[in-house]
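Source file: model_21.cif; contents: mmCIF, C-alpha atoms.
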```
data_protein
loop_
_atom_site.label_atom_id
_atom_site.label_comp_id
_atom_site.auth_asym_id
_atom_site.auth_seq_id
_atom_site.Cartn_x
_atom_site.Cartn_y
_atom_site.Cartn_z
CA MET L 1 23.37 1.20 42.21
CA ALA L 2 21.45 3.52 39.89
CA TYR L 3 17.89 4.08 41.03
CA TRP L 4 15.07 6.00 39.41
CA LEU L 5 11.33 6.17 39.29
CA ALA L 6 9.55 6.18 35.96
CA MET L 7 5.85 6.63 35.31
CA GLN L 8 3.90 6.65 32.06
CA GLY L 9 0.60 8.52 31.75
CA LYS L 10 0.20 9.23 35.46
CA ARG L 11 2.15 10.81 38.27
CA LEU L 12 3.46 9.37 41.50
CA TYR L 13 0.81 10.33 44.04
CA TRP L 14 3.32 10.51 46.88
CA HIS L 15 5.89 12.67 45.09
CA ASP L 16 5.79 16.46 45.40
CA TYR L 17 6.44 17.79 41.91
CA LYS L 18 7.30 21.21 43.31
CA ARG L 19 10.39 19.86 45.04
CA THR L 20 13.98 20.16 43.85
CA GLY L 21 15.53 17.44 41.74
CA PHE L 22 16.35 16.24 38.25
CA TYR L 23 13.53 15.12 35.96
CA MET L 24 14.02 13.44 32.59
CA VAL L 25 11.06 14.25 30.37
CA THR L 26 10.02 12.58 27.12
CA LEU L 27 7.45 14.13 24.77
CA SER L 28 6.24 12.63 21.50
CA THR L 29 4.70 14.10 18.36
CA ALA L 30 1.15 13.26 17.32
CA PRO L 31 0.86 10.69 15.84
CA ARG L 32 4.61 9.98 16.14
CA ARG L 33 5.25 11.65 12.77
CA PRO L 34 8.81 12.88 12.04
CA LEU L 35 7.94 16.57 12.44
CA PHE L 36 11.13 17.82 14.07
CA GLY L 37 13.73 16.68 11.53
CA ARG L 38 15.55 13.56 10.40
CA CYS L 39 18.36 11.36 11.67
CA MET L 40 21.39 10.69 9.48
CA ASP L 41 24.84 9.38 10.39
CA ASN L 42 23.78 9.05 14.05
CA GLN L 43 22.87 12.73 14.31
CA THR L 44 19.63 14.72 14.15
CA GLU L 45 19.21 17.32 11.43
CA LEU L 46 16.51 19.63 12.78
CA SER L 47 13.64 20.97 10.72
CA PRO L 48 12.28 24.51 11.25
CA GLU L 49 9.73 22.93 13.61
CA GLY L 50 12.56 21.28 15.54
CA LEU L 51 14.32 24.61 15.92
CA VAL L 52 11.11 26.10 17.33
CA VAL L 53 11.07 23.30 19.92
CA CYS L 54 14.67 24.06 20.96
CA ARG L 55 13.95 27.76 21.37
CA HIS L 56 10.87 27.20 23.53
CA TRP L 57 12.73 24.66 25.66
CA CYS L 58 15.38 27.28 26.49
CA GLN L 59 12.62 29.73 27.36
CA ILE L 60 11.47 27.51 30.23
CA SER L 61 14.40 28.81 32.28
CA GLU L 62 13.79 32.38 31.16
CA ARG L 63 10.20 32.23 32.40
CA GLU L 64 11.01 30.28 35.56
CA PRO L 65 14.62 30.79 36.79
CA ARG L 66 14.18 28.09 39.40
CA ILE L 67 14.17 25.52 36.56
CA GLU L 68 17.39 24.83 34.67
CA THR L 69 17.09 23.22 31.23
CA SER L 70 20.24 21.17 31.63
CA MET L 71 19.97 18.94 28.56
CA LEU L 72 17.87 18.42 25.43
CA VAL L 73 17.98 16.08 22.43
CA VAL L 74 15.28 16.58 19.79
CA MET L 75 14.54 13.54 17.64
CA PRO L 76 12.34 13.42 14.50
CA ASP L 77 9.25 12.26 16.40
CA HIS L 78 10.05 12.90 20.07
CA LEU L 79 12.36 14.67 22.47
CA HIS L 80 14.23 13.86 25.66
CA GLY L 81 15.18 16.62 28.05
CA ILE L 82 16.40 16.96 31.62
CA LEU L 83 14.94 19.67 33.83
CA PHE L 84 16.72 20.58 37.06
CA VAL L 85 14.46 22.17 39.67
CA LYS L 86 16.98 24.19 41.68
CA GLU L 87 14.51 25.63 44.19
CA PRO L 88 10.99 24.62 45.24
CA LEU L 89 8.38 25.70 42.70
CA GLU L 90 5.08 27.49 43.24
CA GLN L 91 3.37 25.14 40.78
CA ALA L 92 3.97 21.48 40.03
CA LEU L 93 6.51 20.81 37.28
CA GLY L 94 3.77 19.57 34.97
CA ALA L 95 2.40 23.11 34.67
CA TYR L 96 5.67 24.31 33.14
CA ILE L 97 5.83 21.34 30.76
CA ARG L 98 2.27 22.06 29.63
CA GLY L 99 3.27 25.69 29.10
CA PHE L 100 6.21 24.60 26.94
CA LYS L 101 4.00 22.33 24.84
CA SER L 102 1.36 25.02 24.49
CA GLY L 103 3.93 27.60 23.38
CA VAL L 104 5.31 25.32 20.65
CA THR L 105 1.82 24.44 19.43
CA SER L 106 0.70 28.07 19.34
CA GLU L 107 3.71 29.19 17.29
CA LEU L 108 3.52 26.31 14.82
CA ARG L 109 -0.20 26.85 14.29
CA LYS L 110 0.54 30.45 13.33
CA VAL L 111 3.41 29.45 11.05
CA LYS L 112 1.30 26.83 9.28
CA GLU L 113 -1.82 29.01 9.35
CA ASN L 114 -3.74 26.05 10.72
CA PRO L 115 -5.52 26.58 14.07
CA GLU L 116 -6.20 22.82 14.34
CA PHE L 117 -2.61 21.67 13.85
CA GLN L 118 -1.65 19.05 16.45
CA VAL L 119 1.98 18.87 17.55
CA TRP L 120 2.02 16.65 20.62
CA GLU L 121 0.65 13.38 21.88
CA PRO L 122 -1.22 13.89 25.19
CA GLY L 123 0.78 13.74 28.41
CA TYR L 124 4.44 12.95 28.82
CA HIS L 125 6.79 10.32 30.19
CA GLN L 126 8.98 11.16 33.17
CA VAL L 127 11.92 9.75 35.07
CA ILE L 128 12.72 11.17 38.50
CA SER L 129 16.43 10.94 39.17
CA LEU L 130 17.25 10.14 42.78
CA ASN L 131 21.05 10.03 42.64
CA GLN L 132 24.06 10.93 40.50
CA ASN L 133 24.37 7.44 39.01
CA THR L 134 20.84 7.63 37.65
CA LEU L 135 21.41 11.14 36.33
CA GLN L 136 24.51 10.05 34.44
CA ALA L 137 22.65 7.04 33.03
CA CYS L 138 19.88 9.34 31.80
CA LYS L 139 22.40 11.69 30.18
CA CYS L 140 24.16 8.82 28.43
CA TYR L 141 20.83 7.50 27.19
CA ILE L 142 19.85 10.91 25.82
CA ARG L 143 23.20 11.49 24.09
CA ASP L 144 23.01 8.04 22.48
CA ASN L 145 19.46 8.53 21.23
CA PRO L 146 20.25 9.63 17.65
CA ARG L 147 22.45 6.57 17.14
CA ARG L 148 19.81 4.28 18.57
CA TYR L 149 17.13 5.92 16.43
CA CYS L 150 19.17 5.34 13.26
CA ILE L 151 19.77 1.70 14.21
CA LYS L 152 16.05 1.12 14.82
CA LYS L 153 15.18 2.66 11.45
CA ALA L 154 17.75 0.44 9.76
CA HIS L 155 16.48 -2.73 11.51
CA PRO L 156 12.80 -2.06 12.33
CA ASP L 157 11.82 -5.75 12.40
CA LEU L 158 14.18 -6.40 15.34
CA PHE L 159 12.62 -3.75 17.60
CA VAL L 160 8.91 -4.55 17.35
CA ARG L 161 6.80 -6.26 19.96
CA LEU L 162 6.37 -9.92 18.98
CA GLU L 163 2.86 -10.94 19.94
CA HIS L 164 2.42 -14.18 17.98
CA LEU L 165 5.46 -16.26 18.70
CA ASN L 166 5.53 -19.80 17.36
CA ASP L 167 4.18 -22.17 20.02
CA THR L 168 6.20 -25.01 18.50
CA TYR L 169 9.24 -23.83 20.42
CA LEU L 170 7.62 -22.44 23.57
CA PRO L 171 5.78 -24.13 26.45
CA LYS L 172 2.04 -23.65 26.58
CA VAL L 173 0.81 -21.03 29.05
CA LYS L 174 -2.69 -20.50 30.33
CA PRO L 175 -4.61 -17.21 29.99
CA PRO L 176 -4.14 -14.42 30.94
CA PHE L 177 -0.52 -15.35 30.16
CA SER L 178 0.77 -15.22 26.58
CA TRP L 179 4.25 -15.16 25.13
CA VAL L 180 5.60 -11.75 24.12
CA GLY L 181 9.10 -11.02 22.90
CA PHE L 182 11.58 -8.47 21.57
CA GLY L 183 14.53 -9.27 19.34
CA ASN L 184 15.28 -12.10 16.94
CA PRO L 185 12.60 -14.85 17.11
CA PHE L 186 14.61 -17.13 14.81
CA LEU L 187 16.97 -17.83 17.71
CA LEU L 188 14.28 -20.23 18.95
CA GLU L 189 14.91 -22.35 15.84
CA ALA L 190 18.65 -22.72 16.42
CA PRO L 191 19.75 -26.38 16.32
CA HIS L 192 21.83 -26.07 19.50
CA LEU L 193 20.21 -24.40 22.51
CA ARG L 194 22.16 -24.45 25.77
CA ALA L 195 20.37 -23.89 29.07
CA ILE L 196 22.01 -21.61 31.63
CA GLN L 197 20.66 -22.53 35.06
CA VAL L 198 22.92 -21.83 38.01
CA SER L 199 22.22 -22.49 41.68
CA ARG L 200 22.75 -19.62 44.09
CA SER L 201 24.86 -21.98 46.20
CA ILE L 202 27.35 -22.78 43.44
CA THR L 203 31.00 -22.50 44.46
CA ASP L 204 33.31 -19.99 42.82
CA GLU L 205 35.37 -22.81 41.31
CA ALA L 206 32.32 -24.56 39.85
CA LEU L 207 31.00 -21.28 38.46
CA SER L 208 34.35 -20.55 36.83
CA ASP L 209 34.35 -23.99 35.16
CA LEU L 210 30.75 -23.53 34.01
CA ARG L 211 31.50 -20.10 32.55
CA ALA L 212 34.38 -21.56 30.55
CA GLU L 213 32.21 -24.46 29.33
CA ILE L 214 29.37 -22.19 28.23
CA ASP L 215 31.77 -19.75 26.61
CA GLU L 216 33.15 -22.58 24.48
CA ALA L 217 29.63 -23.71 23.53
CA SER L 218 28.68 -20.13 22.65
CA GLN L 219 31.77 -19.69 20.48
CA ASN L 220 30.83 -22.90 18.67
CA GLY L 221 27.40 -21.51 17.74
CA ALA L 222 25.15 -22.48 20.65
CA VAL L 223 22.32 -20.12 21.57
CA CYS L 224 22.25 -19.87 25.35
CA VAL L 225 18.90 -19.74 27.14
CA SER L 226 18.54 -18.38 30.67
CA PRO L 227 15.85 -17.42 33.18
CA PHE L 228 18.35 -14.71 34.23
CA ILE L 229 17.51 -15.17 37.92
CA SER L 230 20.58 -16.05 39.98
CA PRO L 231 23.80 -14.01 40.15
CA GLY L 232 25.61 -16.86 38.41
CA GLU L 233 23.17 -16.83 35.51
CA GLN L 234 23.47 -13.07 35.21
CA ALA L 235 27.28 -13.27 35.19
CA ILE L 236 27.27 -15.87 32.42
CA VAL L 237 24.80 -13.88 30.32
CA GLU L 238 27.09 -10.86 30.71
CA ASP L 239 29.96 -12.99 29.36
CA ILE L 240 27.86 -13.84 26.31
CA VAL L 241 26.77 -10.24 25.80
CA ARG L 242 30.40 -9.10 25.72
CA SER L 243 31.41 -11.82 23.30
CA PRO L 244 31.36 -10.79 19.61
CA LYS L 245 29.64 -14.07 18.63
CA GLY L 246 27.44 -14.75 21.64
CA ARG L 247 23.69 -15.24 21.15
CA VAL L 248 21.24 -15.45 24.01
CA ILE L 249 17.55 -15.92 24.85
CA VAL L 250 16.59 -14.49 28.23
CA LEU L 251 13.32 -14.64 30.15
CA LYS L 252 11.83 -11.56 31.79
CA GLN L 253 9.75 -12.28 34.85
CA ALA L 254 7.97 -8.90 35.08
CA GLY L 255 6.45 -8.62 31.60
CA PHE L 256 6.81 -5.68 29.21
CA PRO L 257 5.40 -2.17 29.72
CA PRO L 258 3.41 -0.68 26.80
CA LEU L 259 6.32 1.41 25.45
CA TYR L 260 9.09 -1.07 26.26
CA LYS L 261 12.31 -1.03 24.27
CA PRO L 262 15.50 -2.96 24.97
CA GLY L 263 17.87 -1.18 27.32
CA SER L 264 21.51 -0.40 26.79
CA ARG L 265 22.64 -3.93 27.60
CA TYR L 266 20.59 -5.48 24.80
CA PHE L 267 19.93 -2.69 22.32
CA ASP L 268 22.95 -3.29 20.09
CA LEU L 269 22.46 -7.04 20.39
CA CYS L 270 18.92 -6.60 19.04
CA ALA L 271 20.29 -4.71 16.04
CA GLN L 272 22.76 -7.56 15.47
CA GLY L 273 20.05 -10.23 15.78
CA ARG L 274 21.86 -11.77 18.76
CA VAL L 275 19.21 -11.59 21.48
CA LEU L 276 15.61 -12.55 22.11
CA ILE L 277 13.91 -11.31 25.29
CA LEU L 278 10.81 -13.32 26.23
CA SER L 279 8.09 -13.14 28.83
CA PRO L 280 4.77 -14.95 29.24
CA TYR L 281 3.75 -12.74 32.16
CA PRO L 282 1.49 -9.67 32.03
CA TYR L 283 3.09 -6.34 32.85
CA THR L 284 2.47 -4.80 36.26
CA THR L 285 3.56 -1.35 37.45
CA THR L 286 5.12 -2.87 40.57
CA GLN L 287 7.95 -5.38 40.43
CA PRO L 288 6.49 -8.76 41.46
CA LYS L 289 8.29 -10.75 44.12
CA LEU L 290 10.37 -13.51 42.61
CA SER L 291 8.99 -16.49 44.50
CA ARG L 292 10.42 -19.99 44.56
CA GLU L 293 7.44 -21.15 42.51
CA ARG L 294 8.11 -18.53 39.84
CA CYS L 295 11.80 -19.49 39.71
CA LEU L 296 10.94 -23.17 39.24
CA GLU L 297 8.38 -22.27 36.60
CA MET L 298 10.90 -20.21 34.62
CA ASN L 299 13.51 -22.98 34.91
CA ASP L 300 10.96 -25.41 33.45
CA MET L 301 10.32 -22.97 30.58
CA VAL L 302 14.04 -22.82 29.79
CA ALA L 303 14.26 -26.62 29.85
CA HIS L 304 11.29 -26.87 27.46
CA ILE L 305 12.83 -24.38 25.01
CA CYS L 306 16.16 -26.20 25.04
CA ARG L 307 14.53 -29.61 24.48
CA HIS L 308 13.46 -28.34 21.05
CA GLY L 309 17.11 -27.80 20.17
CA ASP L 310 18.01 -31.29 21.38
CA ASP L 311 15.14 -32.80 19.36
CA ALA L 312 16.21 -30.90 16.25
CA MET L 313 19.80 -32.20 16.52
CA CYS L 314 18.51 -35.76 16.97
CA GLY L 315 16.28 -35.43 13.92
CA ASN L 316 12.98 -35.74 15.84
#
```
Would you give me this structure, written as structure tokens?
Amino acid sequence: MAYWLAMQGKRLYWHDYKRTGFYMVTLSTAPRRPLFGRCMDNQTELSPEGLVVCRHWCQISEREPRIETSMLVVMPDHLHGILFVKEPLEQALGAYIRGFKSGVTSELRKVKENPEFQVWEPGYHQVISLNQNTLQACKCYIRDNPRRYCIKKAHPDLFVRLEHLNDTYLPKVKPPFSWVGFGNPFLLEAPHLRAIQVSRSITDEALSDLRAEIDEASQNGAVCVSPFISPGEQAIVEDIVRSPKGRVIVLKQAGFPPLYKPGSRYFDLCAQGRVLILSPYPYTTTQPKLSRERCLEMNDMVAHICRHGDDAMCGN
């Protein structure tokens, strides 16, 4: 199983950032303006400023041979790079990242003859890779970034945080809870909503029959709704995701971080308008334990959402 640690805006207090390892780093322009180039045909065409960024990134290894700049993709308004610390460092990795940012800023201020020119947003986002599976996942994500960026620009409405979802179709929740979503909100209005709720004790034969039944309903236009809790539910959602016609609404029990975007499983589905990811729960930096009470609560939410579809088909 791939495993990584990601932190936004602060560092892991228990991790020694002088130690060896792979670190995926994300830096953004201020204020997310497309300074470094443009994306066309799923590729980035770098501006002169973007070329400056590439040159300074390579210089990290020249200035500190113990750091290998193993990968870099520069996007119009951000970059993703992987730094490999081959030997323990004298300073924490953040010092070298700050040096890189400072070098880019200094050169661009001279080029633009503007001593106040701001290149970067403060800080950076990091992922610490703890095994080869995670490293490969990070590399695939970075390589695919230009394509994803072009898709998001072509379908911006399907990748925004939905803060004011229509309560007609969702169960009421008490503060501090509130419904947040990503994807296609119009899936909630589909006339046929099919709940996917599978017991952990289901037999293999019963699960096989259920998968066939739900596949048929999905092919006939049903939008499937799942709390995505049990292995059986996850397997059925994967069937729908792989289907060219499948549409799904899934609940997320841990909330959404501030810079959330759909992962590889759902990204293309978002662009196709085939998925809606929902959560009424506030985001926490630690994964909350999935209690029996939370499972029952999420099952009730799915049942409520699907009752709307039943009512619509009955004309109520």
Open item on the list: Once the PyMOL selection byres ((chain L and resi 103-113) around 12) has been evaluated on this model, what residues remain selected, and can you format them as number ranges by chain?
Closed with: L: 29-30, 35-36, 48-60, 63, 96-102, 114-121
Task: Of the listed residues L:Leu170, L:Met71, L:Ala154, L:Leu79, that which approaches L:Asp41 most closely, counting all atoms listed in the file - done: L:Ala154
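Proximity to stretch 173-179 of chain L at 7 Å, evaluated using all atoms listed in the file and with sequence-adjacent residues fewer than 4 positions away removed, yields L:Glu163, L:Leu165, L:Leu278, L:Ser279, L:Pro280, L:Tyr281, L:Pro282.
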Please save C-alpha atoms of the selected residues as a PDB file, in the coordinates of the input.
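See part.pdb below for the written result:
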```pdb
ATOM      1  CA  GLU L 163       2.860 -10.940  19.940  1.00  0.00           C
ATOM      2  CA  LEU L 165       5.460 -16.260  18.700  1.00  0.00           C
ATOM      3  CA  LEU L 278      10.810 -13.320  26.230  1.00  0.00           C
ATOM      4  CA  SER L 279       8.090 -13.140  28.830  1.00  0.00           C
ATOM      5  CA  PRO L 280       4.770 -14.950  29.240  1.00  0.00           C
ATOM      6  CA  TYR L 281       3.750 -12.740  32.160  1.00  0.00           C
ATOM      7  CA  PRO L 282       1.490  -9.670  32.030  1.00  0.00           C
TER       8      PRO L 282
END
```
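Across the model, the gap from atom CA of L:Gly37 to atom CA of L:Gly183 is 27.1 Å.
Separating atom CA of L:Gly81 from atom CA of L:Arg38 is a distance of 17.9 Å.
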Identify, on the basis of all atoms listed in the file, every residue whose closest approach to L:Val275 does not exceed 8 Å; exclude the query and any residue fewer than 2 positions from it along the same chain; express the result as a JSON list (two decimals) with C-alpha atoms, in the frame of the given file.
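What landed in selection_20.json:
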```
[["chain", "number", "residue", "atom", "x", "y", "z"],
["L", 183, "GLY", "CA", 14.53, -9.27, 19.34],
["L", 184, "ASN", "CA", 15.28, -12.10, 16.94],
["L", 187, "LEU", "CA", 16.97, -17.83, 17.71],
["L", 247, "ARG", "CA", 23.69, -15.24, 21.15],
["L", 248, "VAL", "CA", 21.24, -15.45, 24.01],
["L", 249, "ILE", "CA", 17.55, -15.92, 24.85],
["L", 250, "VAL", "CA", 16.59, -14.49, 28.23],
["L", 266, "TYR", "CA", 20.59, -5.48, 24.80],
["L", 269, "LEU", "CA", 22.46, -7.04, 20.39],
["L", 270, "CYS", "CA", 18.92, -6.60, 19.04],
["L", 273, "GLY", "CA", 20.05, -10.23, 15.78],
["L", 277, "ILE", "CA", 13.91, -11.31, 25.29]]
```
- [ ] To verify the selection step, state as a ChimeraX atom specification which residues the PyMOL selection byres ((chain L and resi 233) around 10) yields on this input.
- [x] /L:195-200,207,211,225-232,234-239
Residue selection dump (C-alpha atoms) as a compact mmCIF listing (two decimals), keeping the file's coordinate frame:
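Contents of part-v6.txt, freshly written:
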```txt
# COMPACT_ATOMS: atom_id res chain seq x y z
CA ALA L 195 20.37 -23.89 29.07
CA ILE L 196 22.01 -21.61 31.63
CA GLN L 197 20.66 -22.53 35.06
CA VAL L 198 22.92 -21.83 38.01
CA SER L 199 22.22 -22.49 41.68
CA ARG L 200 22.75 -19.62 44.09
CA LEU L 207 31.00 -21.28 38.46
CA ARG L 211 31.50 -20.10 32.55
CA VAL L 225 18.90 -19.74 27.14
CA SER L 226 18.54 -18.38 30.67
CA PRO L 227 15.85 -17.42 33.18
CA PHE L 228 18.35 -14.71 34.23
CA ILE L 229 17.51 -15.17 37.92
CA SER L 230 20.58 -16.05 39.98
CA PRO L 231 23.80 -14.01 40.15
CA GLY L 232 25.61 -16.86 38.41
CA GLN L 234 23.47 -13.07 35.21
CA ALA L 235 27.28 -13.27 35.19
CA ILE L 236 27.27 -15.87 32.42
CA VAL L 237 24.80 -13.88 30.32
CA GLU L 238 27.09 -10.86 30.71
CA ASP L 239 29.96 -12.99 29.36
```
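Distances from L:Ile142, L:Asp204, L:Arg161, L:Leu276 to L:Pro257 were compared using all atoms listed in the file, and the smallest one belongs to L:Arg161.
Compared by their closest atoms to L:Ser243, and using all atoms listed in the file, the residues L:Thr69, L:Ser218, L:Thr26, L:Ser264 rank with L:Ser218 nearest.
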